[in-house]
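Have a look at final_13.txt; it's compact mmCIF, C-alpha atoms and all ligand atoms:
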# COMPACT_ATOMS: atom_id res chain seq x y z
CA MET A 1 71.09 91.53 -10.02
CA GLY A 2 68.68 90.20 -7.42
CA LEU A 3 67.31 86.67 -7.66
CA TRP A 4 63.80 87.98 -8.22
CA ARG A 5 64.93 90.21 -11.08
CA ALA A 6 66.82 87.30 -12.63
CA PHE A 7 63.69 85.15 -12.42
CA ILE A 8 61.53 87.87 -14.01
CA ASN A 9 64.11 88.29 -16.76
CA ILE A 10 63.77 84.65 -17.75
CA LEU A 11 59.97 84.90 -17.93
CA LEU A 12 59.83 88.37 -19.43
CA PRO A 13 63.17 89.26 -20.96
CA PRO A 14 63.93 93.00 -20.98
CA ARG A 15 63.41 94.55 -24.38
CA CYS A 16 64.33 97.66 -26.30
CA LEU A 17 61.45 100.10 -25.91
CA LYS A 18 61.74 101.22 -29.51
CA CYS A 19 62.41 98.12 -31.65
CA GLY A 20 61.56 95.29 -29.25
CA LYS A 21 64.97 93.60 -29.46
CA VAL A 22 65.75 91.45 -26.37
CA LEU A 23 68.29 93.14 -24.08
CA SER A 24 70.62 91.54 -21.56
CA LEU A 25 70.22 93.76 -18.50
CA GLN A 26 67.03 95.75 -18.15
CA ASN A 27 64.40 97.62 -20.14
CA GLY A 28 65.81 100.53 -22.08
CA LEU A 29 67.05 101.15 -25.58
CA CYS A 30 69.34 98.94 -27.65
CA ALA A 31 72.58 100.56 -28.81
CA GLU A 32 71.23 101.17 -32.30
CA CYS A 33 68.04 102.93 -31.12
CA PHE A 34 69.92 104.81 -28.41
CA ASN A 35 72.24 106.29 -31.03
CA LYS A 36 69.29 107.62 -33.03
CA ILE A 37 67.96 109.68 -30.10
CA VAL A 38 69.20 113.27 -30.08
CA PHE A 39 70.21 113.69 -26.45
CA ILE A 40 70.68 117.28 -25.36
CA SER A 41 74.18 117.97 -24.13
CA GLU A 42 76.39 121.00 -23.64
CA PRO A 43 76.70 123.57 -24.94
CA HIS A 44 73.13 124.68 -24.31
CA CYS A 45 71.53 127.74 -22.73
CA HIS A 46 72.11 127.56 -18.97
CA CYS A 47 68.64 129.00 -18.37
CA CYS A 48 66.19 127.47 -20.87
CA GLY A 49 68.35 124.50 -21.84
CA ARG A 50 67.95 125.11 -25.57
CA PRO A 51 70.87 123.58 -27.45
CA PHE A 52 73.00 126.04 -29.40
CA ALA A 53 73.23 125.49 -33.14
CA ASP A 54 76.64 127.12 -33.53
CA GLU A 55 78.28 125.03 -30.87
CA MET A 56 81.64 125.33 -32.62
CA HIS A 57 82.07 128.77 -31.10
CA LEU A 58 81.06 127.84 -27.58
CA LYS A 59 83.21 126.37 -24.90
CA SER A 60 81.84 123.49 -22.92
CA GLY A 61 81.62 124.05 -19.16
CA VAL A 62 80.96 127.80 -19.56
CA ARG A 63 77.51 129.09 -18.64
CA HIS A 64 76.05 130.53 -21.85
CA ILE A 65 72.66 132.26 -21.87
CA CYS A 66 70.67 132.47 -25.12
CA GLY A 67 69.30 135.72 -26.59
CA ASN A 68 65.71 134.94 -25.57
CA CYS A 69 66.63 134.39 -21.94
CA LEU A 70 68.82 137.50 -21.83
CA LYS A 71 65.76 139.55 -22.84
CA GLU A 72 63.72 138.18 -19.93
CA LYS A 73 65.11 139.83 -16.81
CA ARG A 74 63.56 137.44 -14.34
CA PRO A 75 62.43 134.27 -16.08
CA LEU A 76 59.59 132.48 -14.27
CA LEU A 77 61.40 129.21 -14.78
CA VAL A 78 64.96 129.79 -13.64
CA MET A 79 66.23 126.60 -15.28
CA ARG A 80 64.73 124.19 -17.81
CA ARG A 81 66.26 120.91 -18.85
CA SER A 82 65.16 118.04 -21.13
CA ALA A 83 66.81 114.73 -21.83
CA PHE A 84 66.35 114.61 -25.61
CA MET A 85 64.77 116.28 -28.63
CA TYR A 86 61.21 115.36 -29.58
CA ASP A 87 61.56 114.24 -33.19
CA ASP A 88 60.57 111.39 -35.52
CA GLU A 89 62.93 108.99 -33.75
CA SER A 90 61.84 109.78 -30.20
CA LYS A 91 58.20 110.69 -30.52
CA ASN A 92 56.82 107.15 -30.23
CA LEU A 93 58.59 106.73 -26.90
CA ILE A 94 56.59 109.68 -25.59
CA LEU A 95 53.30 108.89 -27.34
CA ASP A 96 53.25 105.22 -26.33
CA PHE A 97 54.16 106.13 -22.76
CA LYS A 98 51.40 108.71 -22.62
CA PHE A 99 48.54 107.09 -24.50
CA LYS A 100 49.21 103.37 -24.90
CA ASP A 101 49.57 102.22 -21.29
CA LYS A 102 53.35 101.71 -21.60
CA THR A 103 53.80 102.82 -18.02
CA PHE A 104 56.97 100.74 -17.69
CA TYR A 105 58.72 103.30 -19.91
CA ALA A 106 58.72 105.60 -16.88
CA GLU A 107 61.84 104.09 -15.35
CA THR A 108 63.96 104.45 -18.51
CA LEU A 109 62.71 107.97 -19.21
CA ALA A 110 63.25 109.01 -15.59
CA ASN A 111 66.84 107.72 -15.73
CA MET A 112 67.48 109.88 -18.79
CA MET A 113 65.86 112.87 -17.08
CA PHE A 114 67.91 112.31 -13.96
CA ALA A 115 71.10 112.66 -16.01
CA ALA A 116 69.78 115.73 -17.86
CA GLY A 117 68.79 117.42 -14.58
CA LYS A 118 72.28 117.62 -13.09
CA ASP A 119 72.34 121.45 -12.93
CA ILE A 120 68.93 121.42 -11.26
CA TRP A 121 69.96 118.85 -8.62
CA ASP A 122 72.96 121.06 -7.83
CA GLU A 123 70.48 123.76 -6.76
CA LYS A 124 69.12 121.44 -4.03
CA PRO A 125 65.40 121.74 -4.83
CA ASP A 126 62.80 120.86 -2.18
CA LEU A 127 60.02 119.28 -4.23
CA LEU A 128 59.30 117.50 -7.50
CA MET A 129 55.89 118.42 -8.87
CA PRO A 130 54.28 116.72 -11.90
CA VAL A 131 52.20 118.87 -14.24
CA PRO A 132 48.70 117.73 -13.31
CA ILE A 133 46.11 116.50 -15.79
CA TYR A 134 42.37 117.11 -15.51
CA ARG A 135 40.50 114.60 -13.38
CA LEU A 136 38.23 113.34 -16.17
CA ARG A 137 41.22 112.75 -18.39
CA LEU A 138 42.90 110.94 -15.51
CA LEU A 139 39.90 108.61 -15.23
CA LYS A 140 40.00 107.87 -18.96
CA ARG A 141 43.74 107.41 -19.14
CA ARG A 142 44.02 105.92 -15.62
CA TYR A 143 47.44 107.45 -14.96
CA ASN A 144 49.23 110.76 -15.15
CA GLN A 145 52.44 110.12 -17.04
CA ALA A 146 54.12 113.13 -15.43
CA ALA A 147 53.37 111.78 -11.94
CA LEU A 148 54.93 108.42 -12.85
CA LEU A 149 58.12 110.21 -13.92
CA ALA A 150 58.12 112.31 -10.74
CA ARG A 151 57.81 109.17 -8.57
CA TYR A 152 60.80 107.49 -10.22
CA LEU A 153 62.82 110.69 -10.01
CA ALA A 154 61.93 110.97 -6.33
CA LEU A 155 63.45 107.53 -5.74
CA LYS A 156 66.65 108.48 -7.54
CA THR A 157 67.09 111.97 -6.07
CA GLU A 158 65.51 111.42 -2.62
CA ILE A 159 63.58 114.63 -3.23
CA LYS A 160 59.90 114.43 -2.27
CA ALA A 161 57.38 114.12 -5.11
CA ASP A 162 54.33 116.26 -4.38
CA CYS A 163 51.49 115.15 -6.66
CA GLU A 164 48.71 116.93 -4.78
CA SER A 165 49.54 120.58 -4.19
CA LEU A 166 49.24 121.68 -7.81
CA VAL A 167 45.90 120.83 -9.44
CA ARG A 168 44.26 121.25 -12.82
CA SER A 169 41.21 123.34 -12.13
CA GLU A 170 39.28 123.26 -15.40
CA ASN A 171 38.89 120.88 -18.27
CA THR A 172 41.02 122.64 -20.81
CA ILE A 173 40.98 121.55 -24.44
CA PRO A 174 44.06 119.46 -25.24
CA GLN A 175 46.80 121.94 -26.15
CA VAL A 176 47.80 120.07 -29.31
CA GLN A 177 44.47 121.04 -30.92
CA LEU A 178 45.16 124.75 -30.56
CA SER A 179 47.39 127.39 -32.08
CA GLY A 180 49.70 129.70 -30.11
CA LYS A 181 47.32 132.42 -29.02
CA ALA A 182 44.45 130.05 -28.30
CA ARG A 183 46.83 127.86 -26.30
CA ARG A 184 47.73 130.66 -23.96
CA LYS A 185 44.10 131.65 -23.43
CA ASN A 186 43.09 128.05 -22.84
CA LEU A 187 45.75 127.70 -20.17
CA GLN A 188 44.83 130.74 -18.14
CA LYS A 189 43.12 129.58 -14.96
CA ALA A 190 43.89 125.97 -15.87
CA PHE A 191 46.02 125.42 -12.78
CA ALA A 192 45.61 126.17 -9.10
CA VAL A 193 47.52 125.54 -5.90
CA ALA A 194 45.50 123.32 -3.57
CA LYS A 195 47.93 123.46 -0.65
CA VAL A 196 49.57 126.88 -0.35
CA ASN A 197 51.52 125.92 2.77
CA ALA A 198 53.21 123.07 0.93
CA VAL A 199 54.71 125.35 -1.73
CA LYS A 200 55.49 128.53 0.21
CA GLY A 201 59.23 129.31 0.16
CA LYS A 202 60.02 126.05 -1.67
CA LYS A 203 62.29 125.39 -4.64
CA ILE A 204 60.13 123.32 -6.96
CA VAL A 205 60.98 121.22 -10.01
CA LEU A 206 58.05 120.85 -12.42
CA ILE A 207 58.07 117.46 -14.13
CA ASP A 208 56.45 116.64 -17.48
CA ASP A 209 56.95 114.29 -20.40
CA VAL A 210 57.42 116.87 -23.13
CA GLU A 211 57.91 120.60 -23.42
CA THR A 212 56.42 121.99 -26.63
CA THR A 213 55.99 125.75 -26.38
CA GLY A 214 56.74 125.88 -22.67
CA SER A 215 53.43 127.63 -22.02
CA THR A 216 52.04 124.86 -19.80
CA LEU A 217 55.15 124.93 -17.62
CA LYS A 218 55.07 128.72 -17.45
CA GLU A 219 51.43 128.74 -16.43
CA CYS A 220 52.17 126.24 -13.64
CA ALA A 221 55.14 128.35 -12.55
CA LYS A 222 52.96 131.46 -12.45
CA VAL A 223 50.45 129.99 -9.99
CA LEU A 224 53.19 128.45 -7.85
CA LYS A 225 55.00 131.79 -7.68
CA LYS A 226 51.78 133.53 -6.73
CA ALA A 227 51.37 131.03 -3.91
CA GLY A 228 54.81 131.98 -2.60
CA ALA A 229 57.17 129.38 -4.11
CA ALA A 230 60.79 130.56 -4.04
CA LYS A 231 62.14 129.18 -7.33
CA ILE A 232 60.72 127.06 -10.11
CA TYR A 233 62.66 124.71 -12.39
CA ALA A 234 61.37 122.41 -15.13
CA LEU A 235 62.56 118.99 -16.19
CA THR A 236 61.02 117.09 -19.11
CA ALA A 237 61.92 113.93 -21.00
CA ALA A 238 61.74 115.67 -24.39
CA ARG A 239 61.58 119.13 -25.87
CA ALA A 240 60.02 119.98 -29.18
CA ASP A 241 61.49 123.37 -30.02
CA GLY A 242 65.02 123.62 -31.31
ZN ZN B 301 66.15 99.10 -30.39
ZN ZN B 302 67.78 130.35 -23.08
Starting from the file, give its structure as structure tokens.
Amino acid sequence: MGLWRAFINILLPPRCLKCGKVLSLQNGLCAECFNKIVFISEPHCHCCGRPFADEMHLKSGVRHICGNCLKEKRPLLVMRRSAFMYDDESKNLILDFKFKDKTFYAETLANMMFAAGKDIWDEKPDLLMPVPIYRLRLLKRRYNQAALLARYLALKTEIKADCESLVRSENTIPQVQLSGKARRKNLQKAFAVAKVNAVKGKKIVLIDDVETTGSTLKECAKVLKKAGAAKIYALTAARADG
């Protein structure tokens, strides 16, 4: 531990992000809170990352593909991974990070995402790209939580974070206020590629805090593909669907 870090730790001791208990090393989760988070591990679908319920029958280390992904011949997102399930235990981590200025959560969440993204890193992607938020919302909230995650992941992976090439083109209504069909309609034309040359032929990892229906990620993937991107992956901190 550097001297500066040691000094900071005396002034502002690292704490558990969930319960506030003082920790010895750095910000993160205490053992008790950590054990309550449902981390996603194998066996899961190699394509969409969805954990399998009947894991008894599946061998670890074998690439299983779920029924949904088998139906899609060429999925827009070739691989999706998330660190943990979005549930009652984990949701405040995401909500506080997103809406309550807890930007320092980014480092812990990015570390979890880094571990969950192993299969994606093996593919040697070229760029990390945060899902953009609308400019007005950025002014109100002052930061894009997805961009914070992408920056930390860029440090860990040494893959460039590109926070400019993909932009939100219209002020869409927050997705949480809408039902399935309305969500999809609301998202159409929501994203655009500002710098086509930056994405052409590139393997791109979309970064976001949470995947709910996956429609936001798919819409981003669609415009990136149209602009000539080679392959699109997605990595989120949490996923809401089982
Ligand atoms: Zn705790
Ligand atoms: Zn799948």
* Structure fact -> In terms of all atoms listed in the file, the residue from A:Gly20, A:Gly28, A:Gly117, A:Pro75 at minimal distance from Cys47 (chain A) is A:Pro75
* To do: Can you tell me which residues come within 9 Å of ligand ZN 302 (chain B) when counting only C-alpha atoms and all ligand atoms, ideally as a PyMOL selection string?
  => chain A and resi 44-51+64-70+79-80
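Residues of protein, DNA or RNA lying at most 6 Å from ligand ZN 301 (chain B), when only C-alpha atoms and all ligand atoms are considered, are Cys16, Lys18, Cys19, Lys21, Leu29, Cys30, Glu32 and Cys33 of chain A.
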* **Distance query region 224-238 of chain A at most 7 Å, all atoms listed in the file, self and fewer than 5 positions along chain excluded, as a list in words** =>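 The filter keeps Leu76, Leu77, Val78, Met79, Arg80, Arg81, Ser82, Ala83, Phe84, Met85, Tyr86, Leu109, Met113, Gly117, Val193, Val196, Val199, Lys200, Gly201, Lys202, Lys203, Ile204, Val205, Leu206, Ile207, Asp208, Asp209, Val210 and Glu211 of chain A.
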* **Of the listed residues A:Ile94, A:Val223, A:Val62, A:Ala110, that which approaches Thr157 (chain A) most closely, counting only C-alpha atoms** =>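 Result for the nearest residue to Thr157 (chain A): A:Ala110.
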* Asked: Between A:Leu166, A:Thr213, A:Gln26, A:Ala116, which one has atoms that come closest to Ala240 (chain A), using all atoms listed in the file?
  -> A:Thr213
* Please, what distance in Å, to one decimal, runs between CA of Tyr143 (chain A) and CA of Asp126 (chain A)? ->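 Going from CA of Tyr143 (chain A) over to CA of Asp126 (chain A) covers 24.1 Å.
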